[in-house]
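Have a look at the structure below, then the notes.
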Amino acid sequence: MIEGINISKTYGSKNVLRDISVRIPRGEFVAVLGPNGAGKSTLLKILALISKPDSGQVIIGDQSIVNTPSDLKRKIGIISHSSFLYPELTAYENLQFYGRLYGLDNLEAQIIAVIKKVGLLLALNEQVYTFSRGMLQRLSIARALIHNPEVILLDEPFTGLDQDGISLLQGVLRDLKSNHKTILMVTHSFEDGMNDVDRILILNKGQIAADFPTENLLSEDLKRIYHEKVAC
Ligand SMILES: Nc1ncnc2c1ncn2[C@@H]1O[C@H](COP(=O)(O)OP(=O)(O)OP(=O)(O)O)[C@@H](O)[C@H]1O
């Protein structure tokens, strides 16, 4: 479970998030849609404990960040525009670094398992600066999942992936969902990864303009609701 309660954030004089509350129960997969500048990435960074809100609170599991932020960070895996990878290190060394940071046991086996999951076994010992954009994206998925987090936060994860990468990520998301992980994905796409989404939030001008389940929702209905909500 992850929850943001009455979150507000300003940058200079700009109110980027205006008293937003969002709760994602364990095992739910939520997609956040909204126009450029709506505040989607800001919300994700605050929930990921990367950025601090001006006011409001984040709760993960049953713990508030006020008490134990570093323990709570272990419960989160984030896939965002920053890969958080070290270009001079190999894929293996990057995953080893993060695995040690999280104090994982039996690390080598876990690295091999996660690298296979993202289809990069043959590049395991290559330095990351030689990787293509798609390979970097795959490795950052592995980096985000190495510690088996409870909550996975994704910021436009399909950007930069080719068709194989898209299918792979869709499989990873399906897997995470079947393991009852809590997932929040910021996206611009009405299609990629949407098959497994349970609920959609539409963010507009720093506020939640709509929050609805995807059950029985047709793609054209979603597009209509989206355009209605962001037009106002
Ligand atoms: N670190 C920052 N400093 C100043 N302004 C920022 C910062 N981060 C974001 N902003 C501003 O806050 C607003 C919301 O940005 P945010 O990235 O959260 O929007 P978004 O909905 O994710 O947009 P996009 O779809 O374009 O990624 C934008 O006007 C942006 O310029």
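Scheme for the structure tokens: letters A, B, ... for chains in order shown; per-chain residue numbers from 1; ligand numbers from 1 in order shown.
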
- Surrounding residues as a PyMOL selection string, ligand 1, max 9 Å, only C-alpha atoms and all ligand atoms: chain A and resi 9-12+14-17+33-45+155-156+186-188+203-206

- Task: Please identify which residues in segment 3-65 of chain A DSSP calls strand (DSSP E or B) from the backbone, and express them as a PyMOL selection string.
- Result: chain A and resi 3-11+14-24+29-33+55-60+63-64

Given the selection you just returned, output its residues as a file containing N, CA and C atoms, formatted as an mmCIF file, in the first residue's frame.
```cif
data_model
loop_
_atom_site.group_PDB
_atom_site.id
_atom_site.type_symbol
_atom_site.label_atom_id
_atom_site.label_comp_id
_atom_site.auth_asym_id
_atom_site.auth_seq_id
_atom_site.Cartn_x
_atom_site.Cartn_y
_atom_site.Cartn_z
ATOM 1 N N GLU A 3 0.335 5.605 0.062
ATOM 2 C CA GLU A 3 -0.668 6.667 0.184
ATOM 3 C C GLU A 3 0.000 8.029 0.301
ATOM 4 N N GLY A 4 -0.529 8.984 -0.416
ATOM 5 C CA GLY A 4 -0.135 10.380 -0.243
ATOM 6 C C GLY A 4 -1.352 11.118 0.300
ATOM 7 N N ILE A 5 -1.160 11.857 1.368
ATOM 8 C CA ILE A 5 -2.300 12.535 1.992
ATOM 9 C C ILE A 5 -2.084 14.053 1.958
ATOM 10 N N ASN A 6 -3.016 14.739 1.334
ATOM 11 C CA ASN A 6 -2.996 16.216 1.271
ATOM 12 C C ASN A 6 -1.641 16.759 0.840
ATOM 13 N N ILE A 7 -1.161 16.242 -0.295
ATOM 14 C CA ILE A 7 0.156 16.639 -0.799
ATOM 15 C C ILE A 7 0.052 17.946 -1.588
ATOM 16 N N SER A 8 0.865 18.913 -1.210
ATOM 17 C CA SER A 8 0.990 20.145 -1.998
ATOM 18 C C SER A 8 2.458 20.393 -2.295
ATOM 19 N N LYS A 9 2.710 20.960 -3.480
ATOM 20 C CA LYS A 9 4.091 21.291 -3.850
ATOM 21 C C LYS A 9 4.086 22.515 -4.752
ATOM 22 N N THR A 10 4.934 23.457 -4.442
ATOM 23 C CA THR A 10 5.083 24.613 -5.329
ATOM 24 C C THR A 10 6.534 24.687 -5.790
ATOM 25 N N TYR A 11 6.729 25.158 -6.997
ATOM 26 C CA TYR A 11 8.060 25.523 -7.479
ATOM 27 C C TYR A 11 7.994 27.013 -7.755
ATOM 28 N N LYS A 14 4.670 28.688 -8.691
ATOM 29 C CA LYS A 14 3.776 27.760 -9.386
ATOM 30 C C LYS A 14 3.273 26.653 -8.457
ATOM 31 N N ASN A 15 1.953 26.536 -8.350
ATOM 32 C CA ASN A 15 1.361 25.445 -7.552
ATOM 33 C C ASN A 15 1.299 24.196 -8.415
ATOM 34 N N VAL A 16 2.260 23.319 -8.244
ATOM 35 C CA VAL A 16 2.350 22.139 -9.120
ATOM 36 C C VAL A 16 1.405 21.037 -8.641
ATOM 37 N N LEU A 17 1.306 20.855 -7.325
ATOM 38 C CA LEU A 17 0.328 19.901 -6.767
ATOM 39 C C LEU A 17 -0.486 20.638 -5.715
ATOM 40 N N ARG A 18 -1.801 20.496 -5.806
ATOM 41 C CA ARG A 18 -2.692 21.267 -4.926
ATOM 42 C C ARG A 18 -3.511 20.318 -4.053
ATOM 43 N N ASP A 19 -2.987 20.010 -2.900
ATOM 44 C CA ASP A 19 -3.726 19.266 -1.884
ATOM 45 C C ASP A 19 -4.286 17.942 -2.425
ATOM 46 N N ILE A 20 -3.368 17.143 -2.941
ATOM 47 C CA ILE A 20 -3.760 15.869 -3.556
ATOM 48 C C ILE A 20 -3.699 14.730 -2.553
ATOM 49 N N SER A 21 -4.714 13.871 -2.569
ATOM 50 C CA SER A 21 -4.661 12.640 -1.776
ATOM 51 C C SER A 21 -4.881 11.461 -2.708
ATOM 52 N N VAL A 22 -4.030 10.459 -2.567
ATOM 53 C CA VAL A 22 -4.165 9.260 -3.388
ATOM 54 C C VAL A 22 -3.768 8.044 -2.561
ATOM 55 N N ARG A 23 -4.562 6.981 -2.664
ATOM 56 C CA ARG A 23 -4.257 5.767 -1.907
ATOM 57 C C ARG A 23 -4.309 4.583 -2.866
ATOM 58 N N ILE A 24 -3.235 3.808 -2.881
ATOM 59 C CA ILE A 24 -3.217 2.606 -3.728
ATOM 60 C C ILE A 24 -3.065 1.396 -2.814
ATOM 61 N N PHE A 29 -2.968 -1.819 -9.382
ATOM 62 C CA PHE A 29 -2.147 -1.207 -10.435
ATOM 63 C C PHE A 29 -2.905 0.033 -10.925
ATOM 64 N N VAL A 30 -2.306 1.192 -10.680
ATOM 65 C CA VAL A 30 -2.949 2.467 -11.027
ATOM 66 C C VAL A 30 -2.125 3.188 -12.094
ATOM 67 N N ALA A 31 -2.792 3.693 -13.119
ATOM 68 C CA ALA A 31 -2.120 4.518 -14.127
ATOM 69 C C ALA A 31 -2.510 5.975 -13.913
ATOM 70 N N VAL A 32 -1.527 6.865 -14.047
ATOM 71 C CA VAL A 32 -1.784 8.306 -13.920
ATOM 72 C C VAL A 32 -1.581 8.941 -15.292
ATOM 73 N N LEU A 33 -2.660 9.526 -15.799
ATOM 74 C CA LEU A 33 -2.608 10.213 -17.089
ATOM 75 C C LEU A 33 -2.785 11.714 -16.860
ATOM 76 N N SER A 55 3.689 20.376 1.906
ATOM 77 C CA SER A 55 2.854 19.909 3.011
ATOM 78 C C SER A 55 2.234 18.585 2.598
ATOM 79 N N GLY A 56 1.800 17.831 3.600
ATOM 80 C CA GLY A 56 1.229 16.517 3.324
ATOM 81 C C GLY A 56 2.148 15.411 3.773
ATOM 82 N N GLN A 57 1.695 14.186 3.574
ATOM 83 C CA GLN A 57 2.364 13.039 4.165
ATOM 84 C C GLN A 57 2.329 11.847 3.214
ATOM 85 N N VAL A 58 3.403 11.051 3.248
ATOM 86 C CA VAL A 58 3.420 9.807 2.467
ATOM 87 C C VAL A 58 3.466 8.632 3.436
ATOM 88 N N ILE A 59 2.620 7.645 3.161
ATOM 89 C CA ILE A 59 2.605 6.441 4.003
ATOM 90 C C ILE A 59 2.837 5.233 3.104
ATOM 91 N N ILE A 60 3.748 4.354 3.533
ATOM 92 C CA ILE A 60 4.021 3.139 2.759
ATOM 93 C C ILE A 60 3.843 1.958 3.697
ATOM 94 N N GLN A 63 3.573 2.513 7.547
ATOM 95 C CA GLN A 63 4.529 3.416 8.180
ATOM 96 C C GLN A 63 4.569 4.774 7.486
ATOM 97 N N SER A 64 4.612 5.805 8.274
ATOM 98 C CA SER A 64 4.754 7.149 7.728
ATOM 99 C C SER A 64 6.236 7.436 7.529
#
```

- Near segment 130-141 of chain A, within 10 Å and counting only C-alpha atoms, which residues show up once chain neighbours fewer than 6 positions away are dropped, as a PyMOL selection string? chain A and resi 77-85+87-88+90-92+94-95+114-115+117-120+123-124+154+157-162+164-166+168-169+172

Next, write the just-selected residues to a file, as a CSV table (one decimal), in the first residue's frame, keeping N, CA and C atoms as the atom set.
```
chain,number,residue,atom,x,y,z
A,77,GLY,N,10.5,0.5,-5.6
A,77,GLY,CA,11.4,0.4,-6.8
A,77,GLY,C,10.9,1.4,-7.8
A,78,ILE,N,11.8,2.2,-8.3
A,78,ILE,CA,11.4,3.3,-9.2
A,78,ILE,C,12.1,3.2,-10.6
A,79,ILE,N,11.2,3.4,-11.6
A,79,ILE,CA,11.7,3.4,-13.0
A,79,ILE,C,11.3,4.8,-13.5
A,80,SER,N,12.3,5.6,-13.8
A,80,SER,CA,12.0,7.0,-14.2
A,80,SER,C,12.9,7.5,-15.3
A,81,HIS,N,12.9,8.8,-15.6
A,81,HIS,CA,13.7,9.3,-16.7
A,81,HIS,C,15.2,9.1,-16.3
A,82,SER,N,15.5,9.2,-15.0
A,82,SER,CA,16.9,8.9,-14.6
A,82,SER,C,17.1,7.4,-14.5
A,83,SER,N,18.2,6.9,-15.0
A,83,SER,CA,18.4,5.4,-14.9
A,83,SER,C,19.0,5.0,-13.6
A,84,PHE,N,19.6,6.0,-12.9
A,84,PHE,CA,20.3,5.7,-11.6
A,84,PHE,C,21.4,4.6,-11.8
A,85,LEU,N,21.9,4.6,-13.0
A,85,LEU,CA,23.0,3.6,-13.3
A,85,LEU,C,24.3,4.3,-13.4
A,87,PRO,N,27.6,4.6,-15.6
A,87,PRO,CA,28.0,4.2,-16.9
A,87,PRO,C,29.3,3.4,-17.0
A,88,GLU,N,30.3,3.7,-16.1
A,88,GLU,CA,31.6,3.1,-16.2
A,88,GLU,C,31.5,1.6,-15.7
A,90,THR,N,29.9,-2.2,-15.2
A,90,THR,CA,29.1,-3.2,-16.1
A,90,THR,C,27.7,-3.3,-15.5
A,91,ALA,N,26.9,-4.0,-16.3
A,91,ALA,CA,25.5,-4.3,-15.8
A,91,ALA,C,25.6,-5.0,-14.5
A,92,TYR,N,26.4,-6.1,-14.5
A,92,TYR,CA,26.6,-6.9,-13.3
A,92,TYR,C,27.0,-6.0,-12.1
A,94,ASN,N,26.7,-2.8,-11.6
A,94,ASN,CA,25.6,-1.9,-11.2
A,94,ASN,C,24.6,-2.6,-10.3
A,95,LEU,N,24.2,-3.8,-10.7
A,95,LEU,CA,23.2,-4.6,-9.9
A,95,LEU,C,23.8,-5.0,-8.6
A,114,VAL,N,17.3,-11.6,-12.3
A,114,VAL,CA,16.6,-10.4,-12.7
A,114,VAL,C,17.2,-10.0,-14.1
A,115,ILE,N,18.4,-10.2,-14.4
A,115,ILE,CA,19.0,-9.9,-15.7
A,115,ILE,C,18.4,-10.7,-16.8
A,117,LYS,N,15.3,-11.9,-16.6
A,117,LYS,CA,14.0,-11.4,-16.7
A,117,LYS,C,13.9,-10.2,-17.7
A,118,VAL,N,14.9,-9.4,-17.8
A,118,VAL,CA,14.9,-8.2,-18.7
A,118,VAL,C,15.7,-8.5,-20.0
A,119,GLY,N,16.1,-9.8,-20.2
A,119,GLY,CA,16.7,-10.2,-21.5
A,119,GLY,C,18.1,-9.6,-21.7
A,120,LEU,N,18.9,-9.4,-20.7
A,120,LEU,CA,20.2,-8.8,-20.9
A,120,LEU,C,21.4,-9.7,-20.5
A,123,ALA,N,24.7,-9.3,-22.1
A,123,ALA,CA,25.4,-8.0,-21.9
A,123,ALA,C,25.8,-7.8,-20.4
A,124,LEU,N,25.7,-8.9,-19.7
A,124,LEU,CA,26.0,-8.8,-18.2
A,124,LEU,C,27.3,-8.1,-17.9
A,154,LEU,N,6.5,3.9,-11.7
A,154,LEU,CA,7.1,4.0,-13.0
A,154,LEU,C,6.7,5.3,-13.7
A,157,PRO,N,7.4,4.4,-18.5
A,157,PRO,CA,8.4,3.4,-18.6
A,157,PRO,C,8.5,2.8,-20.0
A,158,PHE,N,7.5,3.1,-20.9
A,158,PHE,CA,7.6,2.5,-22.2
A,158,PHE,C,8.4,3.4,-23.2
A,159,THR,N,8.7,4.6,-22.8
A,159,THR,CA,9.4,5.5,-23.6
A,159,THR,C,10.8,5.0,-23.9
A,160,GLY,N,11.1,4.9,-25.2
A,160,GLY,CA,12.5,4.5,-25.6
A,160,GLY,C,12.6,3.0,-25.8
A,161,LEU,N,11.5,2.2,-25.6
A,161,LEU,CA,11.5,0.8,-25.8
A,161,LEU,C,11.1,0.4,-27.2
A,162,ASP,N,11.7,-0.5,-27.8
A,162,ASP,CA,11.2,-1.1,-29.1
A,162,ASP,C,10.1,-2.1,-28.8
A,164,ASP,N,10.0,-5.3,-28.9
A,164,ASP,CA,10.4,-6.4,-28.0
A,164,ASP,C,10.4,-5.9,-26.5
A,165,GLY,N,11.0,-4.7,-26.4
A,165,GLY,CA,11.1,-4.1,-25.0
A,165,GLY,C,9.7,-3.9,-24.4
A,166,ILE,N,8.8,-3.4,-25.3
A,166,ILE,CA,7.4,-3.1,-24.8
A,166,ILE,C,6.7,-4.4,-24.3
A,168,LEU,N,8.3,-7.1,-23.4
A,168,LEU,CA,9.0,-7.6,-22.2
A,168,LEU,C,8.4,-6.8,-20.9
A,169,LEU,N,8.3,-5.5,-21.0
A,169,LEU,CA,7.9,-4.7,-19.9
A,169,LEU,C,6.4,-5.1,-19.5
A,172,VAL,N,6.6,-8.1,-17.5
A,172,VAL,CA,7.2,-7.8,-16.2
A,172,VAL,C,6.0,-7.2,-15.3
```

- Item | All alpha helix (DSSP H) residues (DSSP, backbone) inside segment 15-200 of chain A, as a PyMOL selection string | chain A and resi 40-47+69-73+91-101+107-117+133-145+163-178

Give me the residues within 10 Å of Arg174 of chain A as a PDB file with C-alpha atoms, in the first residue's frame, counting only C-alpha atoms and dropping any in the same chain fewer than 3 places off.
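Final output, saved to result_4.pdb:
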```
ATOM      1  CA  PHE A  29      -2.147  -1.207 -10.435  1.00  0.00           C
ATOM      2  CA  LEU A 168       8.955  -7.555 -22.159  1.00  0.00           C
ATOM      3  CA  LEU A 169       7.872  -4.719 -19.881  1.00  0.00           C
ATOM      4  CA  GLN A 170       4.226  -5.702 -20.274  1.00  0.00           C
ATOM      5  CA  GLY A 171       5.209  -9.218 -19.137  1.00  0.00           C
ATOM      6  CA  LYS A 177       0.678  -7.749 -10.542  1.00  0.00           C
ATOM      7  CA  SER A 178       0.255 -11.483 -10.124  1.00  0.00           C
ATOM      8  CA  ASN A 179       2.679 -11.221  -7.185  1.00  0.00           C
ATOM      9  CA  HIS A 180       0.330  -8.641  -5.580  1.00  0.00           C
ATOM     10  CA  LYS A 181       2.748  -5.745  -5.924  1.00  0.00           C
ATOM     11  CA  GLY A 193       0.655  -1.502 -20.261  1.00  0.00           C
ATOM     12  CA  ASN A 195      -4.370  -4.090 -20.114  1.00  0.00           C
ATOM     13  CA  ASP A 196      -3.407  -4.845 -16.528  1.00  0.00           C
ATOM     14  CA  VAL A 197      -4.328  -1.474 -15.004  1.00  0.00           C
TER      15      VAL A 197
END
```

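Take the candidates A:Val230, A:Ala209, A:Leu101, A:Ile152 and check each one against Thr182 of chain A using only C-alpha atoms; the shortest distance goes to A:Ile152.
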
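A straight line drawn from atom CA of Tyr226 of chain A to atom CA of Phe190 of chain A is 9.7 Å long.
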
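Relative to atom CA of Met1 of chain A, atom CA of Leu47 of chain A is found at 11.3 Å.
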
- Message: Given only C-alpha atoms as the basis, pick out the residue of A:Ile111, A:Phe97, A:Leu89, A:Ile146 nearest to Gln127 of chain A.
- Response: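 For Gln127 of chain A, the nearest of the given residues is A:Leu89.
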